[in-house]
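upload-v3.pdb follows (PDB, N, CA and C atoms):
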ATOM      1  N   MET A  22      15.239 -18.436  20.011
ATOM      2  CA  MET A  22      15.363 -17.296  19.119
ATOM      3  C   MET A  22      15.873 -17.776  17.755
ATOM      4  N   ALA A  23      15.290 -17.283  16.717
ATOM      5  CA  ALA A  23      15.675 -17.655  15.356
ATOM      6  C   ALA A  23      17.033 -17.048  15.018
ATOM      7  N   ASP A  24      17.801 -17.746  14.216
ATOM      8  CA  ASP A  24      19.064 -17.184  13.753
ATOM      9  C   ASP A  24      19.239 -17.501  12.273
ATOM     10  N   ALA A  25      19.998 -16.649  11.603
ATOM     11  CA  ALA A  25      20.159 -16.759  10.157
ATOM     12  C   ALA A  25      20.832 -18.057   9.750
ATOM     13  N   GLN A  26      21.847 -18.491  10.499
ATOM     14  CA  GLN A  26      22.559 -19.719  10.135
ATOM     15  C   GLN A  26      21.599 -20.916  10.088
ATOM     16  N   THR A  27      20.737 -21.029  11.083
ATOM     17  CA  THR A  27      19.769 -22.129  11.118
ATOM     18  C   THR A  27      18.715 -21.962  10.034
ATOM     19  N   ASP A  28      18.217 -20.738   9.887
ATOM     20  CA  ASP A  28      17.160 -20.505   8.904
ATOM     21  C   ASP A  28      17.635 -20.794   7.486
ATOM     22  N   PHE A  29      18.812 -20.279   7.121
ATOM     23  CA  PHE A  29      19.299 -20.454   5.753
ATOM     24  C   PHE A  29      19.988 -21.793   5.548
ATOM     25  N   GLY A  30      20.454 -22.398   6.635
ATOM     26  CA  GLY A  30      21.129 -23.685   6.525
ATOM     27  C   GLY A  30      20.189 -24.873   6.583
ATOM     28  N   THR A  31      19.060 -24.714   7.284
ATOM     29  CA  THR A  31      18.159 -25.846   7.489
ATOM     30  C   THR A  31      16.701 -25.535   7.167
ATOM     31  N   ARG A  32      16.134 -24.551   7.872
ATOM     32  CA  ARG A  32      14.685 -24.318   7.793
ATOM     33  C   ARG A  32      14.205 -23.957   6.383
ATOM     34  N   LEU A  33      14.816 -22.958   5.758
ATOM     35  CA  LEU A  33      14.365 -22.548   4.420
ATOM     36  C   LEU A  33      14.654 -23.608   3.350
ATOM     37  N   PRO A  34      15.842 -24.243   3.353
ATOM     38  CA  PRO A  34      16.055 -25.310   2.359
ATOM     39  C   PRO A  34      15.034 -26.445   2.490
ATOM     40  N   GLU A  35      14.698 -26.822   3.723
ATOM     41  CA  GLU A  35      13.702 -27.883   3.917
ATOM     42  C   GLU A  35      12.331 -27.447   3.413
ATOM     43  N   LYS A  36      11.981 -26.194   3.685
ATOM     44  CA  LYS A  36      10.679 -25.691   3.243
ATOM     45  C   LYS A  36      10.606 -25.669   1.709
ATOM     46  N   ILE A  37      11.677 -25.228   1.059
ATOM     47  CA  ILE A  37      11.688 -25.158  -0.403
ATOM     48  C   ILE A  37      11.688 -26.558  -1.012
ATOM     49  N   SER A  38      12.531 -27.454  -0.496
ATOM     50  CA  SER A  38      12.578 -28.803  -1.066
ATOM     51  C   SER A  38      11.292 -29.571  -0.802
ATOM     52  N   GLY A  39      10.591 -29.216   0.285
ATOM     53  CA  GLY A  39       9.328 -29.875   0.592
ATOM     54  C   GLY A  39       8.208 -29.469  -0.337
ATOM     55  N   ASN A  40       8.322 -28.297  -0.951
ATOM     56  CA  ASN A  40       7.283 -27.826  -1.863
ATOM     57  C   ASN A  40       7.907 -26.899  -2.910
ATOM     58  N   PRO A  41       8.693 -27.459  -3.846
ATOM     59  CA  PRO A  41       9.375 -26.611  -4.835
ATOM     60  C   PRO A  41       8.420 -25.852  -5.755
ATOM     61  N   ASP A  42       7.226 -26.394  -6.002
ATOM     62  CA  ASP A  42       6.274 -25.676  -6.858
ATOM     63  C   ASP A  42       5.786 -24.397  -6.190
ATOM     64  N   GLU A  43       5.579 -24.442  -4.887
ATOM     65  CA  GLU A  43       5.172 -23.242  -4.160
ATOM     66  C   GLU A  43       6.290 -22.200  -4.204
ATOM     67  N   ALA A  44       7.523 -22.661  -4.062
ATOM     68  CA  ALA A  44       8.662 -21.740  -4.144
ATOM     69  C   ALA A  44       8.737 -21.108  -5.531
ATOM     70  N   LYS A  45       8.587 -21.930  -6.568
ATOM     71  CA  LYS A  45       8.647 -21.398  -7.945
ATOM     72  C   LYS A  45       7.525 -20.400  -8.215
ATOM     73  N   ALA A  46       6.393 -20.557  -7.532
ATOM     74  CA  ALA A  46       5.275 -19.621  -7.710
ATOM     75  C   ALA A  46       5.656 -18.209  -7.253
ATOM     76  N   ILE A  47       6.632 -18.106  -6.342
ATOM     77  CA  ILE A  47       7.109 -16.789  -5.903
ATOM     78  C   ILE A  47       7.818 -16.104  -7.063
ATOM     79  N   GLY A  48       8.573 -16.870  -7.846
ATOM     80  CA  GLY A  48       9.139 -16.386  -9.098
ATOM     81  C   GLY A  48      10.221 -15.334  -8.999
ATOM     82  N   ALA A  49      11.110 -15.435  -7.997
ATOM     83  CA  ALA A  49      12.174 -14.445  -7.868
ATOM     84  C   ALA A  49      13.387 -15.070  -7.189
ATOM     85  N   VAL A  50      14.533 -14.428  -7.394
ATOM     86  CA  VAL A  50      15.769 -14.816  -6.720
ATOM     87  C   VAL A  50      16.102 -13.695  -5.741
ATOM     88  N   PHE A  51      16.351 -14.076  -4.488
ATOM     89  CA  PHE A  51      16.622 -13.126  -3.422
ATOM     90  C   PHE A  51      18.046 -13.321  -2.914
ATOM     91  N   LEU A  52      18.739 -12.219  -2.700
ATOM     92  CA  LEU A  52      20.068 -12.256  -2.096
ATOM     93  C   LEU A  52      19.954 -11.607  -0.725
ATOM     94  N   PHE A  53      20.333 -12.360   0.309
ATOM     95  CA  PHE A  53      20.308 -11.856   1.677
ATOM     96  C   PHE A  53      21.733 -11.601   2.134
ATOM     97  N   LYS A  54      21.977 -10.380   2.609
ATOM     98  CA  LYS A  54      23.269 -10.022   3.201
ATOM     99  C   LYS A  54      22.975  -9.648   4.650
ATOM    100  N   ILE A  55      23.344 -10.557   5.545
ATOM    101  CA  ILE A  55      23.026 -10.379   6.955
ATOM    102  C   ILE A  55      24.324 -10.149   7.720
ATOM    103  N   THR A  56      24.372  -9.037   8.437
ATOM    104  CA  THR A  56      25.577  -8.644   9.156
ATOM    105  C   THR A  56      25.468  -9.006  10.639
ATOM    106  N   GLY A  57      26.612  -9.047  11.290
ATOM    107  CA  GLY A  57      26.641  -9.317  12.725
ATOM    108  C   GLY A  57      26.851 -10.786  13.017
ATOM    109  N   ASP A  58      26.832 -11.132  14.302
ATOM    110  CA  ASP A  58      27.035 -12.513  14.736
ATOM    111  C   ASP A  58      26.018 -13.432  14.077
ATOM    112  N   GLY A  59      26.518 -14.512  13.497
ATOM    113  CA  GLY A  59      25.619 -15.481  12.865
ATOM    114  C   GLY A  59      25.125 -15.052  11.503
ATOM    115  N   GLY A  60      25.665 -13.969  10.979
ATOM    116  CA  GLY A  60      25.239 -13.487   9.673
ATOM    117  C   GLY A  60      25.943 -14.227   8.545
ATOM    118  N   GLY A  61      25.719 -13.750   7.354
ATOM    119  CA  GLY A  61      26.318 -14.342   6.174
ATOM    120  C   GLY A  61      25.610 -13.853   4.932
ATOM    121  N   THR A  62      25.945 -14.463   3.813
ATOM    122  CA  THR A  62      25.341 -14.113   2.532
ATOM    123  C   THR A  62      24.738 -15.375   1.930
ATOM    124  N   TRP A  63      23.465 -15.289   1.565
ATOM    125  CA  TRP A  63      22.767 -16.434   0.988
ATOM    126  C   TRP A  63      21.919 -15.998  -0.190
ATOM    127  N   THR A  64      21.849 -16.872  -1.181
ATOM    128  CA  THR A  64      20.930 -16.676  -2.295
ATOM    129  C   THR A  64      19.792 -17.666  -2.124
ATOM    130  N   VAL A  65      18.573 -17.135  -2.158
ATOM    131  CA  VAL A  65      17.371 -17.967  -2.074
ATOM    132  C   VAL A  65      16.713 -17.899  -3.450
ATOM    133  N   ASP A  66      16.798 -19.006  -4.173
ATOM    134  CA  ASP A  66      16.278 -19.076  -5.539
ATOM    135  C   ASP A  66      14.876 -19.674  -5.519
ATOM    136  N   CYS A  67      13.917 -18.852  -5.849
ATOM    137  CA  CYS A  67      12.522 -19.294  -5.953
ATOM    138  C   CYS A  67      12.051 -19.109  -7.395
ATOM    139  N   LYS A  68      12.984 -19.314  -8.317
ATOM    140  CA  LYS A  68      12.674 -19.040  -9.707
ATOM    141  C   LYS A  68      13.259 -20.099 -10.641
ATOM    142  N   ASN A  69      14.570 -20.222 -10.683
ATOM    143  CA  ASN A  69      15.232 -21.068 -11.663
ATOM    144  C   ASN A  69      15.464 -22.486 -11.138
ATOM    145  N   ASN A  70      16.237 -22.582 -10.087
ATOM    146  CA  ASN A  70      16.607 -23.858  -9.476
ATOM    147  C   ASN A  70      16.333 -23.724  -7.983
ATOM    148  N   PRO A  71      15.079 -23.920  -7.554
ATOM    149  CA  PRO A  71      14.700 -23.616  -6.170
ATOM    150  C   PRO A  71      15.634 -24.223  -5.133
ATOM    151  N   GLY A  72      16.076 -23.358  -4.224
ATOM    152  CA  GLY A  72      16.952 -23.787  -3.152
ATOM    153  C   GLY A  72      17.658 -22.603  -2.526
ATOM    154  N   VAL A  73      18.478 -22.908  -1.526
ATOM    155  CA  VAL A  73      19.250 -21.897  -0.810
ATOM    156  C   VAL A  73      20.722 -22.237  -0.975
ATOM    157  N   ARG A  74      21.501 -21.220  -1.363
ATOM    158  CA  ARG A  74      22.929 -21.418  -1.531
ATOM    159  C   ARG A  74      23.689 -20.362  -0.729
ATOM    160  N   ALA A  75      24.737 -20.788  -0.049
ATOM    161  CA  ALA A  75      25.566 -19.879   0.742
ATOM    162  C   ALA A  75      26.563 -19.194  -0.185
ATOM    163  N   ALA A  76      26.036 -18.362  -1.066
ATOM    164  CA  ALA A  76      26.871 -17.668  -2.048
ATOM    165  C   ALA A  76      26.129 -16.433  -2.541
ATOM    166  N   GLU A  77      26.886 -15.501  -3.063
ATOM    167  CA  GLU A  77      26.286 -14.313  -3.656
ATOM    168  C   GLU A  77      26.122 -14.567  -5.144
ATOM    169  N   GLU A  78      24.879 -14.618  -5.587
ATOM    170  CA  GLU A  78      24.554 -14.862  -6.989
ATOM    171  C   GLU A  78      23.689 -13.716  -7.499
ATOM    172  N   PRO A  79      23.604 -13.530  -8.809
ATOM    173  CA  PRO A  79      22.724 -12.496  -9.346
ATOM    174  C   PRO A  79      21.302 -12.708  -8.846
ATOM    175  N   ALA A  80      20.661 -11.602  -8.430
ATOM    176  CA  ALA A  80      19.337 -11.708  -7.825
ATOM    177  C   ALA A  80      18.415 -10.606  -8.337
ATOM    178  N   ASP A  81      17.116 -10.869  -8.212
ATOM    179  CA  ASP A  81      16.109  -9.860  -8.549
ATOM    180  C   ASP A  81      15.992  -8.827  -7.441
ATOM    181  N   VAL A  82      16.237  -9.265  -6.206
ATOM    182  CA  VAL A  82      16.096  -8.410  -5.032
ATOM    183  C   VAL A  82      17.240  -8.719  -4.063
ATOM    184  N   THR A  83      17.857  -7.675  -3.519
ATOM    185  CA  THR A  83      18.873  -7.838  -2.484
ATOM    186  C   THR A  83      18.345  -7.211  -1.205
ATOM    187  N   LEU A  84      18.436  -7.978  -0.109
ATOM    188  CA  LEU A  84      17.984  -7.501   1.194
ATOM    189  C   LEU A  84      19.181  -7.486   2.132
ATOM    190  N   GLU A  85      19.397  -6.345   2.788
ATOM    191  CA  GLU A  85      20.511  -6.203   3.713
ATOM    192  C   GLU A  85      19.963  -5.799   5.074
ATOM    193  N   LEU A  86      20.387  -6.546   6.118
ATOM    194  CA  LEU A  86      19.922  -6.269   7.462
ATOM    195  C   LEU A  86      20.838  -6.937   8.472
ATOM    196  N   SER A  87      20.667  -6.594   9.737
ATOM    197  CA  SER A  87      21.480  -7.183  10.798
ATOM    198  C   SER A  87      20.912  -8.539  11.198
ATOM    199  N   SER A  88      21.742  -9.335  11.857
ATOM    200  CA  SER A  88      21.267 -10.644  12.311
ATOM    201  C   SER A  88      20.152 -10.495  13.345
ATOM    202  N   ALA A  89      20.202  -9.450  14.160
ATOM    203  CA  ALA A  89      19.121  -9.216  15.137
ATOM    204  C   ALA A  89      17.809  -8.902  14.422
ATOM    205  N   ASP A  90      17.883  -8.099  13.366
ATOM    206  CA  ASP A  90      16.671  -7.772  12.614
ATOM    207  C   ASP A  90      16.169  -8.980  11.829
ATOM    208  N   TRP A  91      17.102  -9.838  11.373
ATOM    209  CA  TRP A  91      16.663 -11.078  10.722
ATOM    210  C   TRP A  91      15.861 -11.923  11.705
ATOM    211  N   ALA A  92      16.325 -12.012  12.949
ATOM    212  CA  ALA A  92      15.616 -12.797  13.962
ATOM    213  C   ALA A  92      14.190 -12.265  14.130
ATOM    214  N   THR A  93      14.030 -10.955  14.070
ATOM    215  CA  THR A  93      12.700 -10.355  14.182
ATOM    216  C   THR A  93      11.823 -10.776  13.013
ATOM    217  N   ILE A  94      12.353 -10.688  11.796
ATOM    218  CA  ILE A  94      11.583 -11.056  10.604
ATOM    219  C   ILE A  94      11.287 -12.554  10.587
ATOM    220  N   SER A  95      12.243 -13.341  11.013
ATOM    221  CA  SER A  95      12.076 -14.795  10.991
ATOM    222  C   SER A  95      10.922 -15.245  11.879
ATOM    223  N   THR A  96      10.765 -14.581  13.016
ATOM    224  CA  THR A  96       9.678 -14.958  13.921
ATOM    225  C   THR A  96       8.386 -14.199  13.628
ATOM    226  N   ASN A  97       8.504 -13.042  12.963
ATOM    227  CA  ASN A  97       7.331 -12.233  12.640
ATOM    228  C   ASN A  97       7.534 -11.578  11.274
ATOM    229  N   PRO A  98       7.250 -12.323  10.173
ATOM    230  CA  PRO A  98       7.493 -11.775   8.833
ATOM    231  C   PRO A  98       6.825 -10.423   8.573
ATOM    232  N   GLY A  99       5.730 -10.153   9.253
ATOM    233  CA  GLY A  99       5.040  -8.880   9.081
ATOM    234  C   GLY A  99       5.854  -7.682   9.549
ATOM    235  N   ALA A 100       6.884  -7.916  10.351
ATOM    236  CA  ALA A 100       7.724  -6.833  10.870
ATOM    237  C   ALA A 100       8.644  -6.257   9.802
ATOM    238  N   ALA A 101       8.780  -6.930   8.673
ATOM    239  CA  ALA A 101       9.696  -6.477   7.618
ATOM    240  C   ALA A 101       9.359  -5.071   7.134
ATOM    241  N   MET A 102       8.095  -4.762   6.999
ATOM    242  CA  MET A 102       7.713  -3.429   6.507
ATOM    243  C   MET A 102       8.176  -2.345   7.476
ATOM    244  N   GLN A 103       7.996  -2.581   8.765
ATOM    245  CA  GLN A 103       8.431  -1.600   9.759
ATOM    246  C   GLN A 103       9.950  -1.426   9.708
ATOM    247  N   LEU A 104      10.678  -2.530   9.581
ATOM    248  CA  LEU A 104      12.133  -2.447   9.488
ATOM    249  C   LEU A 104      12.557  -1.701   8.226
ATOM    250  N   TYR A 105      11.834  -1.922   7.140
ATOM    251  CA  TYR A 105      12.132  -1.232   5.878
ATOM    252  C   TYR A 105      11.930   0.275   6.033
ATOM    253  N   PHE A 106      10.794   0.652   6.597
ATOM    254  CA  PHE A 106      10.487   2.084   6.709
ATOM    255  C   PHE A 106      11.349   2.801   7.741
ATOM    256  N   THR A 107      11.960   2.070   8.658
ATOM    257  CA  THR A 107      12.868   2.699   9.623
ATOM    258  C   THR A 107      14.320   2.628   9.157
ATOM    259  N   GLY A 108      14.556   2.065   7.967
ATOM    260  CA  GLY A 108      15.895   2.019   7.399
ATOM    261  C   GLY A 108      16.756   0.867   7.886
ATOM    262  N   LYS A 109      16.187  -0.033   8.681
ATOM    263  CA  LYS A 109      16.959  -1.171   9.189
ATOM    264  C   LYS A 109      17.033  -2.312   8.179
ATOM    265  N   LEU A 110      16.115  -2.324   7.224
ATOM    266  CA  LEU A 110      16.100  -3.310   6.142
ATOM    267  C   LEU A 110      16.270  -2.543   4.846
ATOM    268  N   LYS A 111      17.379  -2.781   4.174
ATOM    269  CA  LYS A 111      17.649  -2.109   2.901
ATOM    270  C   LYS A 111      17.329  -3.083   1.771
ATOM    271  N   VAL A 112      16.543  -2.607   0.822
ATOM    272  CA  VAL A 112      16.118  -3.435  -0.299
ATOM    273  C   VAL A 112      16.539  -2.754  -1.590
ATOM    274  N   THR A 113      17.262  -3.499  -2.436
ATOM    275  CA  THR A 113      17.607  -2.983  -3.755
ATOM    276  C   THR A 113      17.083  -3.967  -4.789
ATOM    277  N   GLY A 114      16.789  -3.449  -5.969
ATOM    278  CA  GLY A 114      16.166  -4.280  -6.996
ATOM    279  C   GLY A 114      14.660  -4.094  -6.934
ATOM    280  N   ASN A 115      13.930  -5.084  -7.337
ATOM    281  CA  ASN A 115      12.473  -5.018  -7.385
ATOM    282  C   ASN A 115      11.885  -5.236  -5.987
ATOM    283  N   ALA A 116      11.682  -4.142  -5.270
ATOM    284  CA  ALA A 116      11.203  -4.218  -3.886
ATOM    285  C   ALA A 116       9.837  -4.879  -3.776
ATOM    286  N   MET A 117       9.025  -4.781  -4.807
ATOM    287  CA  MET A 117       7.692  -5.404  -4.743
ATOM    288  C   MET A 117       7.806  -6.924  -4.640
ATOM    289  N   LEU A 118       8.852  -7.504  -5.229
ATOM    290  CA  LEU A 118       9.044  -8.950  -5.118
ATOM    291  C   LEU A 118       9.327  -9.359  -3.673
ATOM    292  N   ALA A 119       9.942  -8.456  -2.921
ATOM    293  CA  ALA A 119      10.255  -8.766  -1.515
ATOM    294  C   ALA A 119       8.996  -9.039  -0.711
ATOM    295  N   THR A 120       7.881  -8.461  -1.116
ATOM    296  CA  THR A 120       6.631  -8.699  -0.382
ATOM    297  C   THR A 120       6.192 -10.158  -0.504
ATOM    298  N   LYS A 121       6.649 -10.847  -1.531
ATOM    299  CA  LYS A 121       6.288 -12.257  -1.703
ATOM    300  C   LYS A 121       7.021 -13.175  -0.724
ATOM    301  N   LEU A 122       8.026 -12.651  -0.043
ATOM    302  CA  LEU A 122       8.798 -13.464   0.894
ATOM    303  C   LEU A 122       7.962 -13.959   2.064
ATOM    304  N   GLN A 123       6.899 -13.256   2.389
ATOM    305  CA  GLN A 123       6.069 -13.670   3.521
ATOM    306  C   GLN A 123       5.552 -15.085   3.319
ATOM    307  N   LYS A 124       5.279 -15.455   2.070
ATOM    308  CA  LYS A 124       4.817 -16.834   1.791
ATOM    309  C   LYS A 124       5.878 -17.858   2.192
ATOM    310  N   LEU A 125       7.122 -17.510   1.951
ATOM    311  CA  LEU A 125       8.208 -18.430   2.239
ATOM    312  C   LEU A 125       8.553 -18.450   3.731
ATOM    313  N   LEU A 126       8.477 -17.301   4.365
ATOM    314  CA  LEU A 126       8.879 -17.184   5.762
ATOM    315  C   LEU A 126       7.791 -17.600   6.747
ATOM    316  N   ALA A 127       6.557 -17.551   6.301
ATOM    317  CA  ALA A 127       5.442 -17.849   7.221
ATOM    318  C   ALA A 127       5.473 -19.282   7.703
TER     319      ALA A 127
END

As structure tokens, what does this structure read like?
Amino acid sequence: MADAQTDFGTRLPEKISGNPDEAKAIGAVFLFKITGDGGGTWTVDCKNNPGVRAAEEPADVTLELSSADWATISTNPGAAMQLYFTGKLKVTGNAMLATKLQKLLA
């Protein structure tokens, strides 16, 4: 089962560092606030200085969800829309940019 600590600590940083131009093509900074066991706060920069930082930084989009819902999105990025429409995924800022996350999570 996917967990936020592994995804933000290892998987996403490796994916971004492996192809920083692809990350920059997304062109946004995302702030993830994940609650519950294994949660935390991470900034995923796909705009200025591509990478993942365990800190709250100014972002274009903020996504708030539980660690269980993160596990769902991590294994099935397409589930994000359903979580959004059921209120389990809260998005503030430019929500349209959040749709670009599928490229990074896939």

Rank nothing, just name the residue among A:Ser38, A:Thr27, A:Gln123, A:Thr93 nearest to Leu110 of chain A, using only C-alpha atoms.
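When distances to Leu110 of chain A are compared using only C-alpha atoms, the smallest one comes from A:Thr93.
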
From a DSSP calculation on the backbone, collect every residue of chain A in strand (DSSP E) and output the set as an MDAnalysis selection string.
chainID A and resid 49:56 61:67 72:74 82:87 111:114

Looking at only C-alpha atoms, which of A:Ala25, A:Ile94, A:Leu104, A:Leu122 is the one that sits closest to Gly59 of chain A?
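Result for the nearest residue to Gly59 of chain A: A:Ala25.
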
Tell me which of A:Gly48, A:Gly108, A:Gly72, A:Gly60 sits closest to Glu35 of chain A, counting only C-alpha atoms.
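Of A:Gly48, A:Gly108, A:Gly72, A:Gly60, the one nearest Glu35 of chain A is A:Gly72, counting only C-alpha atoms.
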
Evaluate the PyMOL selection byres ((chain A and resi 81) around 6) against this structure - the residues, as an MDAnalysis selection string, please.
chainID A and resid 49:52 79:80 82:83 113:115

Could you find all residues in chain A that DSSP calls helix (DSSP H, G or I) from the backbone, and write them as a ChimeraX atom specification?
/A:25-39,41-47,88-96,98-106,116-119,122-126

As an exercise, work out the distance from atom C of Thr64 of chain A to atom C of Lys109 of chain A in Å and give it to one decimal place.
18.7 Å

Evaluated on this file, the PyMOL selection byres ((chain A and resi 125) around 8) picks out some residues - which ones are they, written as a PyMOL selection string?
chain A and resi 33+36-37+43-44+47+120-124+126-127

One decimal, in Å: what's the spacing between atom CA of Ala46 of chain A and atom N of Pro71 of chain A?
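Result for atom CA of Ala46 of chain A versus atom N of Pro71 of chain A: 10.7 Å, one decimal.
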
What is the distance, in Å and to one decimal place, between atom N of Val73 of chain A and atom C of Met102 of chain A?
24.7 Å

Report, as AutoDock Vina command-line options, the centre and edge lengths in Å (one decimal) of the axis-aligned box enclosing every listed atom of segment 54-58 of chain A, padded by 3 Å on each side.
--center_x 24.5 --center_y -11.0 --center_z 8.7 --size_x 11.1 --size_y 10.8 --size_z 18.1

Env of Ala92 of chain A: 5 Å cut, atoms = all atoms listed in the file, seq-sep filter 4 positions within chain, self excluded. Answer as a PyMOL selection string.
chain A and resi 23+88+96

Under the rule that only C-alpha atoms are counted, which of A:Thr56, A:Thr31, A:Gln26, A:Asn70 is the nearest residue to Ser87 of chain A?
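That would be A:Thr56, the residue with the smallest distance to Ser87 of chain A.
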